[in-house]
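See below for the structure under consideration.
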Amino acid sequence: MKNKKVMWLIVGILISTMVLSACSTPVSRSGGTITVTDLIGREVEVPAEVDSVVAIGPGALRLVIYAGGAPSVVGVEQFELNSVVGRPYWLANPDLANLPAIGQGGSNNAPDPEKLLSVNPDVIFSTYATDAASADELQEKTGIPVVVVSYGSIGFGITAIFGEPIQNSLALIGQTLGTEDKAQETIDFILGAKADLEKRTASIPDEGKLSIYVGALGSKGTHGIESTQGQYALLDVISAVNVVDVTGEAGSIMVDKEALLDWDPDVIVIDEGGMASVLEDVEKNPIFYETLSALQNGQVYGQLPYNYYSTNLDTAIADAYYLGTILYPEAFADIDPMAKADEIYMAMVGIAVYDQMAADFGGYGPVTFDLSD
């Protein structure tokens with residue numbers, strides 16, 4: 001079993017390397033333009049020197065910043081301007097708040113060609129388009145090159161955080177902006193974290209592992225303890241025993257409290273984005289919580305929320321390390337979760353923001369509930 005895990009780890013690294021090598025192939029150049037191939041296979045001609053960009057759609061701006069493009073951003077969506085809480089890329093770039101709005105934003109609002117034209121960017125990076133027709137339509141309406149980037153279509157499992165579409169998007173943004181070095185540094189950091197997390201737990205047998213349930217996970221809003229995920233990326237990457245996986249379901253699901261009682265996991269982690277909902281439920285249903293072994297044994301913890309207008313990859317990776325320290329204290333004995341979080345934030349957005357995230361949400365540590373009448 002150990003050899004098989006190691007073999008698949010090596011295969012995964014080789015595949016990722018080949019994909020990134022292909023994506024890093026020098027772009028074709030013609031006069032004052034270069035041609036790039038976006039994430040839906042469109043060949044897009046962009047200026048050889050890109051000075052100004054906008055990023056529209058869930059997570060697009062975050063990817064641009066991860067790839068070193070913050071200085072080139074000339075406008076942001078109103079959805080981004082509404083709140084910076086929980087978004088390290090904003091905390092690291094507060095001047096973004098001074099930029100003009102380029103449309104409403106949000107997953108259910110179409111791009112606004114008029115607002116986009118008002119800031120006259122050289123390139124539009126977009127996560128809205130899932131087909132060539134809609135990307136081409138926006139490009140025709142604005143006369144501005146539209147480059148489609150993506151977090152991938154799979155919202156669960158390890159690919160949700162470490163997937164090739166994310167890596168390829170970062171490389172593409174770097175090619176377009178001339179920030180290849182920064183983009184590659186971010187890609188290497190993400191892949192390095194994935195390899196490190198997997199290596200730490202690859203040789204640990206399933207027998208005797210603590211079981212775990214992660215509740216109150218955000219999914220198009222905040223939810224209570226019943227909200228969780230099957231094939232949860234942060235647990236999969238550390239080979240944890242996720243009690244939800246017995247359902248055979250993947251991605252965001254709502255479970256019955258009776259099921260949670262039946263599973264009775266050794267460890268419960270509450271996503272702090274939904275902590276208020278959980279605390280409200282504790283007041284209404286204290287007996288349910290009293291029954292859980294994890295609560296009785298002091299094995300309930302809080303993790304930082306990372307789903308704010310798509311995935312904050314930095315916070316998600318930091319959470320994975322934190323979960324590792326809970327489930328495998330020996331394998332993660334060298335990890336201080338708070339210091340590791342700041343190391344990750346420094347690598348990906350250039351500033352240590354754990355203290356601010358902890359102030360906003362609670363931070364890493366045990367969670368206690370007041371179950372008194």
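Residues are referred to by chain and number: the chain letter is A, B, ... according to the order shown in the structure tokens, the number counts from 1 in that chain, and ligands are numbered separately from 1 in the order shown.
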
Write out as a VMD selection string which residues come within 10 Å of segment 137-140 of chain A when counting only C-alpha atoms, dropping same-chain ones fewer than 3 positions away. chain A and resid 44 110 to 113 123 to 124 129 132 to 134 143 to 147

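The strand (DSSP E) portion of segment 134-315 of chain A consists of Val146, Val147, Val148, Ser211, Ile212, Tyr213, Val214, Gly215, Ser227, Thr228, Gln229, Gly230, Val241, Asn242, Gly251, Ser252, Ile253, Met254, Val267, Ile268, Val269, Ile270, Asp271, Val300, Tyr301, Gly302 and Gln303 of chain A, with states taken from DSSP on the backbone.
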
Can I get the selected residues back with C-alpha atoms, as a short mmCIF file (atom, residue, chain, number, x, y, z; two decimals), in the first residue's frame?
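The resulting file, selection38.cif, is reproduced below:
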data_model
loop_
_atom_site.label_atom_id
_atom_site.label_comp_id
_atom_site.auth_asym_id
_atom_site.auth_seq_id
_atom_site.Cartn_x
_atom_site.Cartn_y
_atom_site.Cartn_z
CA VAL A 146 -10.82 38.64 -23.32
CA VAL A 147 -8.65 35.91 -21.79
CA VAL A 148 -10.57 33.17 -19.98
CA SER A 211 -12.03 10.22 12.15
CA ILE A 212 -13.08 13.78 11.38
CA TYR A 213 -16.07 15.85 10.32
CA VAL A 214 -15.79 19.42 9.01
CA GLY A 215 -19.04 21.34 9.35
CA SER A 227 -23.10 21.82 5.78
CA THR A 228 -20.06 19.76 4.81
CA GLN A 229 -18.27 18.15 1.86
CA GLY A 230 -17.63 14.67 0.61
CA VAL A 241 -10.71 9.68 7.44
CA ASN A 242 -13.63 11.93 6.50
CA GLY A 251 -18.74 18.18 -3.07
CA SER A 252 -21.03 20.32 -0.91
CA ILE A 253 -23.81 18.43 0.84
CA MET A 254 -26.18 18.92 3.76
CA VAL A 267 -12.74 15.25 15.77
CA ILE A 268 -15.13 17.98 14.65
CA VAL A 269 -13.90 21.13 12.91
CA ILE A 270 -16.18 24.13 12.47
CA ASP A 271 -15.58 26.46 9.57
CA VAL A 300 -13.76 20.52 18.50
CA TYR A 301 -11.74 23.13 16.61
CA GLY A 302 -12.22 26.14 14.36
CA GLN A 303 -10.71 26.70 10.93
#

So, counting only C-alpha atoms, which residue among A:Tyr66, A:Tyr89, A:Phe162, A:Tyr322 is closest to Ala183 of chain A? A:Tyr66

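Of the residues under consideration (A:Gly32, A:Gly350, A:Gly273, A:Pro329), A:Gly273 shows the shortest atom-to-atom contact distance to Gly86 of chain A when counting only C-alpha atoms.
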
Considering only C-alpha atoms, return as a ChimeraX atom specification whatever protein or nucleic-acid residues lie within 6 Å of Glu77 of chain A, sequence-local ones (same chain, fewer than 2 positions apart) excluded. /A:79-80,101-105

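With only C-alpha atoms as the atoms that count, the minimum distance from Asn108 of chain A to the choices A:Pro121, A:Pro88, A:Pro58, A:Gly152 is reached by A:Pro58.
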
Every residue of segment 64-211 of chain A that DSSP places in helix (DSSP H, G or I), as a count of residues only: 78

Which polymer residues have any atom within 12 Å of an atom of Ile204 of chain A, counting only C-alpha atoms, with same-chain residues fewer than 4 positions away left out, as an mmCIF file with C-alpha atoms, in the first residue's frame?
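That gives us selection-v2.cif:
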data_model
loop_
_atom_site.group_PDB
_atom_site.id
_atom_site.type_symbol
_atom_site.label_atom_id
_atom_site.label_comp_id
_atom_site.auth_asym_id
_atom_site.auth_seq_id
_atom_site.Cartn_x
_atom_site.Cartn_y
_atom_site.Cartn_z
ATOM 1 C CA MET A 1 0.000 0.000 0.000
ATOM 2 C CA LYS A 2 2.817 2.377 0.919
ATOM 3 C CA LYS A 5 0.804 5.640 -2.668
ATOM 4 C CA GLU A 198 0.887 14.274 0.985
ATOM 5 C CA LYS A 199 4.363 13.097 1.953
ATOM 6 C CA ARG A 200 3.759 13.716 5.653
ATOM 7 C CA GLY A 208 -6.028 3.841 14.101
ATOM 8 C CA LYS A 209 -6.481 7.211 12.388
ATOM 9 C CA LEU A 210 -8.803 9.683 14.060
ATOM 10 C CA ILE A 238 -3.630 14.605 4.098
ATOM 11 C CA SER A 239 -5.318 11.202 3.645
ATOM 12 C CA ALA A 240 -7.705 11.836 6.543
ATOM 13 C CA VAL A 241 -10.713 9.684 7.443
ATOM 14 C CA LEU A 327 -5.011 14.657 13.230
ATOM 15 C CA TYR A 328 -1.306 13.762 13.017
ATOM 16 C CA GLU A 330 3.758 13.639 15.240
ATOM 17 C CA ALA A 331 3.858 14.044 11.455
#

Given only C-alpha atoms, how would the per-residue table for segment 176-283 of chain A near segment 50-54 of chain A read, listing every residue at most 8 Å away with its closest atom pair and distance in Å to one decimal, sorted by chain and number, as a tab-separated table?
residue	atom	partner	partner_atom	distance
A:Thr176	CA	A:Val50	CA	7.2
A:Leu177	CA	A:Val50	CA	5.6
A:Gly178	CA	A:Val50	CA	7.8

Nearest candidate to Ser372 of chain A (options A:Ala333, A:Ile287, A:Ala352, A:Leu117; using only C-alpha atoms): A:Ile287

Residue contacts of Ala233 of chain A (8 Å, only C-alpha atoms) excluding same-chain residues fewer than 2 positions away, as a list in words: Phe156, Gly157, Ile158, Thr159, Ala160, Ile161, Gln231, Leu235, Asp236 and Val237 of chain A

Within 10 Å of segment 336-342 of chain A, counting only C-alpha atoms, which residues qualify if same-chain residues fewer than 6 places away don't, as a ChimeraX atom specification? /A:314-325,348,350-355,358,363-365
